[in-house]
Amino acid sequence: MGVFDDLVGQERAAETLRRAAAGAAELLAGGPGTGMTHAWLFTGPPGSGREEAARAFAAALFCPDRGCGHCDMCHQVMVGSHPDLETVRPQGLSYGVKDTRQLILRAAGAPTLGRWRVVLFEDADRATEGASNALLKAIEEPPPRTVWLLCAPSPDDMMITIRSRCRVVTLVTPSAAAVAHVLATRENVPPDMAEFAARAAQGHLGRARRLALDAEARGRREAVLAIPASLTGVGECVAAAERLVKTAEDEAAAVTAALNESETAELRKVYGEGSTGKGLSRGLIRGGAGALKDLEDRQKSRATRTKRDVIDAALLDLVAFYRDVLAVQFGAAVELAGADRRADLDALARSSAPEETLRRIDAIMLCRRRLAANVNPQMAVEAMTLSLRRP
Amino acid sequence: MLLGMAASDPAPVTLIVGDEELLADRAVGEVIAAVRAADPAAETHDLVGGKVEPGELTRLASPSLFGDRSVVVVRSAHDLAKEVIAEFVSYAARPAEETTLVLVHPGGVKGKALVDGVKKAGAQVVAVAKPTKPAERLAFVKAELKRAGRTVSGDAASALLDAVGSDLRELAAACSQLAFDTPGKVIDEAAVARYHRGRAEVSGFTVADSAVEGRLGDALEQLRWALATGTAPVLLVSALARSLRSLAKVGGAPRNLRGGQLASHLGMPPWQVTRVQNQLNGWGPDGIARALQAVAAADEQVKGGGADPAYALERTIQTIVASRTGR
């Protein structure tokens, strides 16, 4: 049946959600509504499809047929135009308390189409502490028809007080085979490419799709995986770090530049630029400069986040590489993410001890933590490449 | 600078634009002095931009019964309200005979209409920008002492700059003090050294150079100076990282490159390459690696990961110097 079939490798979670959707329908009909509740926390590793699961559940709530996947309601949810579904997607580094208060106000309204009012909060772990505290009351006792769907990588990312008010839906990393199947059937990717992408992305559906469809993404992964073998001296380490950070900056600039420009032009228009007529000046009207500054701050925050995300993706590729090295060293019978780099893996596995590999993985994780703590990316990545260096 | 401004009759409207307070104050003083020279009984009205009300200028500039001269000084003119600016601009086009108007504007975008309007109306404009280059500050010190009827040797002037810093008010005070305290015509280095020692401002790069060259004592002392004079810890960390990074780059460059080729390969100016090559003496790859890792840890500590940024920096400098000797 319908919307839950699109979730890859999440049979158990889908079952829970189906039952909840049935309970919700029962509740609307005046029954006890067993299995439905007002706050849900979708957790699972990146790529497991938290947002997709939450959206499917929202569709199931709105759909008279509990998620058929082809009625108006389901369709509106999938394209993001359903009037009762409020999707929150933090774009900057964090989601502040001011935005949250407004969100709570909107969430308290009655549903327009008479069934449910659903707030889908993607990346809820980006909410600041103040924002989380503001959410508490709203999540604990929402109006009778409001449902909160929060998404976060793991329950530990949310404050304990939020966690205890939500029912947790745990999603798992889909198997490479499942991801490859989805790529082959839905995106028409050739089977061997699908398999390569699924393995390389280690169950991250979005990444697998990018790797399979975008040659540039594949090129970036190649460049990242070439790093370990190139780190022979201190000079090379510093150069590799510089390249990595530069690539991330370029990519962030490319992603944000186009967006920034149209946003700024839009805002200038709102504040009266280029307008003519009586009582209008040619420049911005009062308050325009302040609003522009606000927008610039938001854009900067978004650029920083994009840059960090790009570096983080590269670091995850590196972790996968060293995990493979470890697997080879121990002769473990697991699927290798970087089977295409077998020669590098073997060489590194032979020339170093498992302890060193573990230490290197630790160094990468330390670098991720430092990036999150706002350490200068170049310094953090340099320290990491120096730790990865082969003596 | 303005020191040679004619003391004859001042312009009816003077606009002083710039962010250097001392020079602006002096320019205001000169205009007032010039008016007083013509009429010792001249009255001075000192106004602050934000508090000037519409009509106030007209009232102050209207001819008095006895034909006394007066000076109206408006400081922080960027805070003037919009209507008041319009009043000033129209006044500037047709200034009153007995009144001399002085506007002090710090530059920048705020209140720009005033600057543009008054300039257009033909006011005398005096620019007082903060001197940014060391040579300009040196010239200022020399001119200051010359005003006091003294001359100064180049070494003494730069020693004074090193010791006092770049704030013009402090420099001027130090100059007049020196002129008062020292006998003779020429002020030499010894005279400066008697009253001033040490360095007022230490940049992150000075600290980094000392650390990389292994002068632990100097580096720690300079670090304290830098922190005490308000250099941000983050800047110090990045200066350390930059020095070590160039060590790593130059040290890891191919051996067969020399001079200009090497410089263009690394993307650094040649003089910097030579300098780094000298600093490389005593460094080995492991030492550089350890030092760079210590700097990354320090950046985390400085940005809230540790309790005390100063401690984190001191420790890092110690690690850097220790890494150097352990080749």
# chains A, B, ... in the order shown; residues from 1 in each chain; ligands from 1
call {"tool": "closest_atom_pairs", "arguments": {"of": "chain A", "to": "chain B", "cutoff": "8 Å", "atoms": "only C-alpha atoms", "output": "tab-separated table"}}
result
residue	atom	partner	partner_atom	distance
A:Gly233	CA	B:Gly252	CA	6.8
A:Val234	CA	B:Ala248	CA	5.8
A:Gly235	CA	B:Gly252	CA	4.2
A:Glu236	CA	B:Gly252	CA	7.0
A:Val238	CA	B:Arg245	CA	6.9
A:Ala239	CA	B:Lys249	CA	7.6
A:Arg370	CA	B:Glu300	CA	6.6
A:Ala373	CA	B:Glu300	CA	7.0
A:Asn374	CA	B:Lys303	CA	7.3
A:Val375	CA	B:Glu300	CA	5.4
A:Asn376	CA	B:Asp299	CA	7.2
A:Met379	CA	B:Ala296	CA	5.2
A:Ala380	CA	B:Ala296	CA	5.6
A:Glu382	CA	B:Leu292	CA	7.5
A:Ala383	CA	B:Gln293	CA	4.7
A:Leu386	CA	B:Ala289	CA	6.0
call {"tool": "write_last_selection", "arguments": {"atoms": "C-alpha atoms", "output": "compact mmCIF listing (two decimals), in the first residue's frame"}}
result
# COMPACT_ATOMS: atom_id res chain seq x y z
CA GLY A 233 55.36 14.37 3.88
CA VAL A 234 54.38 17.36 5.96
CA GLY A 235 54.25 19.62 2.90
CA GLU A 236 51.86 17.24 1.14
CA VAL A 238 49.32 20.86 4.37
CA ALA A 239 48.68 21.03 0.63
CA ARG A 370 36.41 20.39 15.92
CA ALA A 373 33.04 23.51 17.48
CA ASN A 374 33.81 26.25 14.93
CA VAL A 375 37.54 25.61 14.72
CA ASN A 376 39.12 27.16 11.62
CA MET A 379 43.62 24.16 10.91
CA ALA A 380 41.32 21.30 11.85
CA GLU A 382 45.57 20.11 8.62
CA ALA A 383 45.84 18.52 12.05
CA LEU A 386 49.10 15.25 9.64
call {"tool": "select_by_dssp", "arguments": {"residues": "range 242-389 of chain A", "states": "alpha helix (DSSP H)", "output": "VMD selection string"}}
result
chain A and resid 242 to 270 288 to 330 342 to 351 354 to 372 377 to 388
call {"tool": "residues_around", "arguments": {"residues": "range 150-160 of chain B", "least_positions_apart": "6", "cutoff": "6 Å", "atoms": "only C-alpha atoms", "output": "mmCIF file with all heavy atoms, in the first residue's frame"}}
result
data_model
loop_
_atom_site.group_PDB
_atom_site.id
_atom_site.type_symbol
_atom_site.label_atom_id
_atom_site.label_comp_id
_atom_site.auth_asym_id
_atom_site.auth_seq_id
_atom_site.Cartn_x
_atom_site.Cartn_y
_atom_site.Cartn_z
ATOM 1 N N LYS B 185 68.642 70.821 21.324
ATOM 2 C CA LYS B 185 67.791 71.006 20.150
ATOM 3 C C LYS B 185 67.298 69.671 19.586
ATOM 4 O O LYS B 185 66.136 69.494 19.290
ATOM 5 C CB LYS B 185 68.614 71.774 19.099
ATOM 6 C CG LYS B 185 67.981 71.828 17.743
ATOM 7 C CD LYS B 185 67.194 73.124 17.575
ATOM 8 C CE LYS B 185 66.655 73.228 16.163
ATOM 9 N NZ LYS B 185 65.314 73.790 16.118
ATOM 10 N N VAL B 186 68.243 68.705 19.494
ATOM 11 C CA VAL B 186 67.917 67.436 18.846
ATOM 12 C C VAL B 186 67.530 66.396 19.903
ATOM 13 O O VAL B 186 68.205 66.249 20.921
ATOM 14 C CB VAL B 186 69.128 66.915 18.041
ATOM 15 C CG1 VAL B 186 68.784 65.592 17.377
ATOM 16 C CG2 VAL B 186 69.556 67.950 17.018
ATOM 17 N N ILE B 187 66.423 65.705 19.630
ATOM 18 C CA ILE B 187 66.031 64.617 20.530
ATOM 19 C C ILE B 187 66.561 63.320 19.937
ATOM 20 O O ILE B 187 66.225 62.966 18.793
ATOM 21 C CB ILE B 187 64.503 64.561 20.666
ATOM 22 C CG1 ILE B 187 64.040 65.823 21.379
ATOM 23 C CG2 ILE B 187 64.068 63.328 21.428
ATOM 24 C CD1 ILE B 187 62.551 65.984 21.424
ATOM 25 N N ASP B 188 67.408 62.621 20.676
ATOM 26 C CA ASP B 188 68.013 61.414 20.110
ATOM 27 C C ASP B 188 67.424 60.165 20.775
ATOM 28 O O ASP B 188 66.564 60.237 21.651
ATOM 29 C CB ASP B 188 69.538 61.447 20.257
ATOM 30 C CG ASP B 188 69.932 61.659 21.704
ATOM 31 O OD1 ASP B 188 69.037 61.662 22.555
ATOM 32 O OD2 ASP B 188 71.142 61.834 21.956
ATOM 33 N N GLU B 189 67.940 59.013 20.332
ATOM 34 C CA GLU B 189 67.378 57.747 20.792
ATOM 35 C C GLU B 189 67.536 57.590 22.300
ATOM 36 O O GLU B 189 66.663 57.039 22.970
ATOM 37 C CB GLU B 189 68.079 56.603 20.064
ATOM 38 C CG GLU B 189 67.115 55.562 19.585
ATOM 39 C CD GLU B 189 67.820 54.430 18.863
ATOM 40 O OE1 GLU B 189 68.830 54.706 18.193
ATOM 41 O OE2 GLU B 189 67.360 53.302 18.991
#
call {"tool": "select_by_dssp", "arguments": {"residues": "range 108-295 of chain B", "states": "strand (DSSP E)", "output": "list in words"}}
result
Gln124, Val125, Val126, Ala127, Thr151, Val152, Val186 and Ile187 of chain B
call {"tool": "write_last_selection", "arguments": {"atoms": "N, CA and C atoms", "output": "PDB file, in the first residue's frame"}}
result
ATOM      1  N   GLN B 124      34.705  75.049   2.916  1.00  0.00           N
ATOM      2  CA  GLN B 124      36.090  74.581   2.927  1.00  0.00           C
ATOM      3  C   GLN B 124      36.129  73.197   3.579  1.00  0.00           C
ATOM      4  N   VAL B 125      36.775  72.248   2.921  1.00  0.00           N
ATOM      5  CA  VAL B 125      36.785  70.882   3.424  1.00  0.00           C
ATOM      6  C   VAL B 125      38.168  70.547   3.968  1.00  0.00           C
ATOM      7  N   VAL B 126      38.209  70.023   5.193  1.00  0.00           N
ATOM      8  CA  VAL B 126      39.471  69.589   5.781  1.00  0.00           C
ATOM      9  C   VAL B 126      39.352  68.082   6.028  1.00  0.00           C
ATOM     10  N   ALA B 127      40.256  67.306   5.453  1.00  0.00           N
ATOM     11  CA  ALA B 127      40.195  65.857   5.656  1.00  0.00           C
ATOM     12  C   ALA B 127      41.156  65.469   6.779  1.00  0.00           C
ATOM     13  N   THR B 151      64.093  69.087  16.804  1.00  0.00           N
ATOM     14  CA  THR B 151      64.235  68.111  15.722  1.00  0.00           C
ATOM     15  C   THR B 151      64.488  66.754  16.347  1.00  0.00           C
ATOM     16  N   VAL B 152      64.254  65.727  15.554  1.00  0.00           N
ATOM     17  CA  VAL B 152      64.359  64.383  16.095  1.00  0.00           C
ATOM     18  C   VAL B 152      65.058  63.496  15.072  1.00  0.00           C
ATOM     19  N   VAL B 186      68.243  68.705  19.494  1.00  0.00           N
ATOM     20  CA  VAL B 186      67.917  67.436  18.846  1.00  0.00           C
ATOM     21  C   VAL B 186      67.530  66.396  19.903  1.00  0.00           C
ATOM     22  N   ILE B 187      66.423  65.705  19.630  1.00  0.00           N
ATOM     23  CA  ILE B 187      66.031  64.617  20.530  1.00  0.00           C
ATOM     24  C   ILE B 187      66.561  63.320  19.937  1.00  0.00           C
TER      25      ILE B 187
END
call {"tool": "closest_residue", "arguments": {"among": "B:Glu83, B:Ile16, B:Ile320, B:Gly149", "to": "Phe180 in chain B", "atoms": "only C-alpha atoms"}}
result
B:Gly149
call {"tool": "residues_around", "arguments": {"residues": "Asp19 in chain B", "least_positions_apart": "2", "cutoff": "7 Å", "atoms": "only C-alpha atoms", "output": "list of chain:residue names"}}
result
B:Glu21, B:Pro106, B:Gly107, B:Val128, B:Ala129, B:Lys130
call {"tool": "residues_around", "arguments": {"residues": "Ser132 in chain A", "least_positions_apart": "2", "cutoff": "10 Å", "atoms": "only C-alpha atoms", "output": "number ranges by chain"}}
result
A: 95-97, 100, 124-130, 134-137, 139, 158-159, 161-162
call {"tool": "write_last_selection", "arguments": {"atoms": "N, CA and C atoms", "output": "tab-separated table (two decimals), in the first residue's frame"}}
result
chain	number	residue	atom	x	y	z
A	95	TYR	N	18.74	26.82	14.58
A	95	TYR	CA	17.37	27.29	14.50
A	95	TYR	C	17.07	27.97	15.82
A	96	GLY	N	16.79	29.25	15.80
A	96	GLY	CA	16.74	30.03	17.03
A	96	GLY	C	15.38	30.08	17.69
A	97	VAL	N	15.37	30.67	18.87
A	97	VAL	CA	14.16	30.67	19.69
A	97	VAL	C	13.09	31.58	19.08
A	100	THR	N	11.27	29.73	16.51
A	100	THR	CA	10.49	28.66	17.12
A	100	THR	C	9.18	29.18	17.69
A	124	ALA	N	15.85	18.62	13.42
A	124	ALA	CA	15.44	19.23	14.69
A	124	ALA	C	16.63	19.36	15.63
A	125	ASP	N	17.71	18.63	15.37
A	125	ASP	CA	18.88	18.74	16.23
A	125	ASP	C	19.58	20.08	16.07
A	126	ARG	N	19.17	20.85	15.04
A	126	ARG	CA	19.79	22.18	14.87
A	126	ARG	C	19.11	23.23	15.74
A	127	ALA	N	18.02	22.87	16.38
A	127	ALA	CA	17.36	23.82	17.28
A	127	ALA	C	18.30	24.12	18.44
A	128	THR	N	18.42	25.39	18.79
A	128	THR	CA	19.28	25.74	19.91
A	128	THR	C	18.61	25.32	21.22
A	129	GLU	N	19.35	25.44	22.31
A	129	GLU	CA	18.80	25.01	23.58
A	129	GLU	C	17.56	25.83	23.92
A	130	GLY	N	17.67	27.14	23.68
A	130	GLY	CA	16.53	28.01	23.95
A	130	GLY	C	15.32	27.61	23.11
A	134	ALA	N	11.62	26.26	24.24
A	134	ALA	CA	10.37	26.90	23.82
A	134	ALA	C	9.39	25.87	23.26
A	135	LEU	N	9.95	24.81	22.67
A	135	LEU	CA	9.10	23.78	22.06
A	135	LEU	C	8.40	22.91	23.09
A	136	LEU	N	9.02	22.79	24.28
A	136	LEU	CA	8.56	21.79	25.25
A	136	LEU	C	7.05	21.78	25.43
A	137	LYS	N	6.52	22.95	25.82
A	137	LYS	CA	5.10	23.02	26.17
A	137	LYS	C	4.25	22.64	24.97
A	139	ILE	N	4.96	20.78	22.51
A	139	ILE	CA	5.02	19.36	22.15
A	139	ILE	C	4.29	18.51	23.18
A	158	MET	N	18.67	15.19	20.79
A	158	MET	CA	17.63	16.06	21.31
A	158	MET	C	17.76	16.14	22.82
A	159	MET	N	17.27	17.23	23.39
A	159	MET	CA	17.27	17.35	24.85
A	159	MET	C	16.41	16.26	25.45
A	161	THR	N	14.36	16.31	27.75
A	161	THR	CA	12.97	16.71	28.01
A	161	THR	C	12.12	16.63	26.76
A	162	ILE	N	12.73	16.86	25.60
A	162	ILE	CA	11.99	16.72	24.34
A	162	ILE	C	11.81	15.25	24.03
call {"tool": "residues_around", "arguments": {"residues": "Ala197 in chain A", "least_positions_apart": "5", "cutoff": "12 Å", "atoms": "only C-alpha atoms", "output": "PyMOL selection string"}}
result
chain A and resi 176-184+189-192+202-215+217-218+221+337-340
call {"tool": "closest_residue", "arguments": {"among": "A:Ala131, A:Val8, A:Leu113, A:Ala353", "to": "Ala327 in chain A", "atoms": "only C-alpha atoms"}}
result
A:Ala353
call {"tool": "closest_residue", "arguments": {"among": "B:Gly204, B:Pro12, B:Gly117, B:Gly282", "to": "Arg94 in chain B", "atoms": "only C-alpha atoms"}}
result
B:Pro12
call {"tool": "residues_around", "arguments": {"residues": "Thr385 in chain A", "least_positions_apart": "5", "cutoff": "8 Å", "atoms": "only C-alpha atoms", "output": "PyMOL selection string"}}
result
chain A and resi 231+237-238+240-241
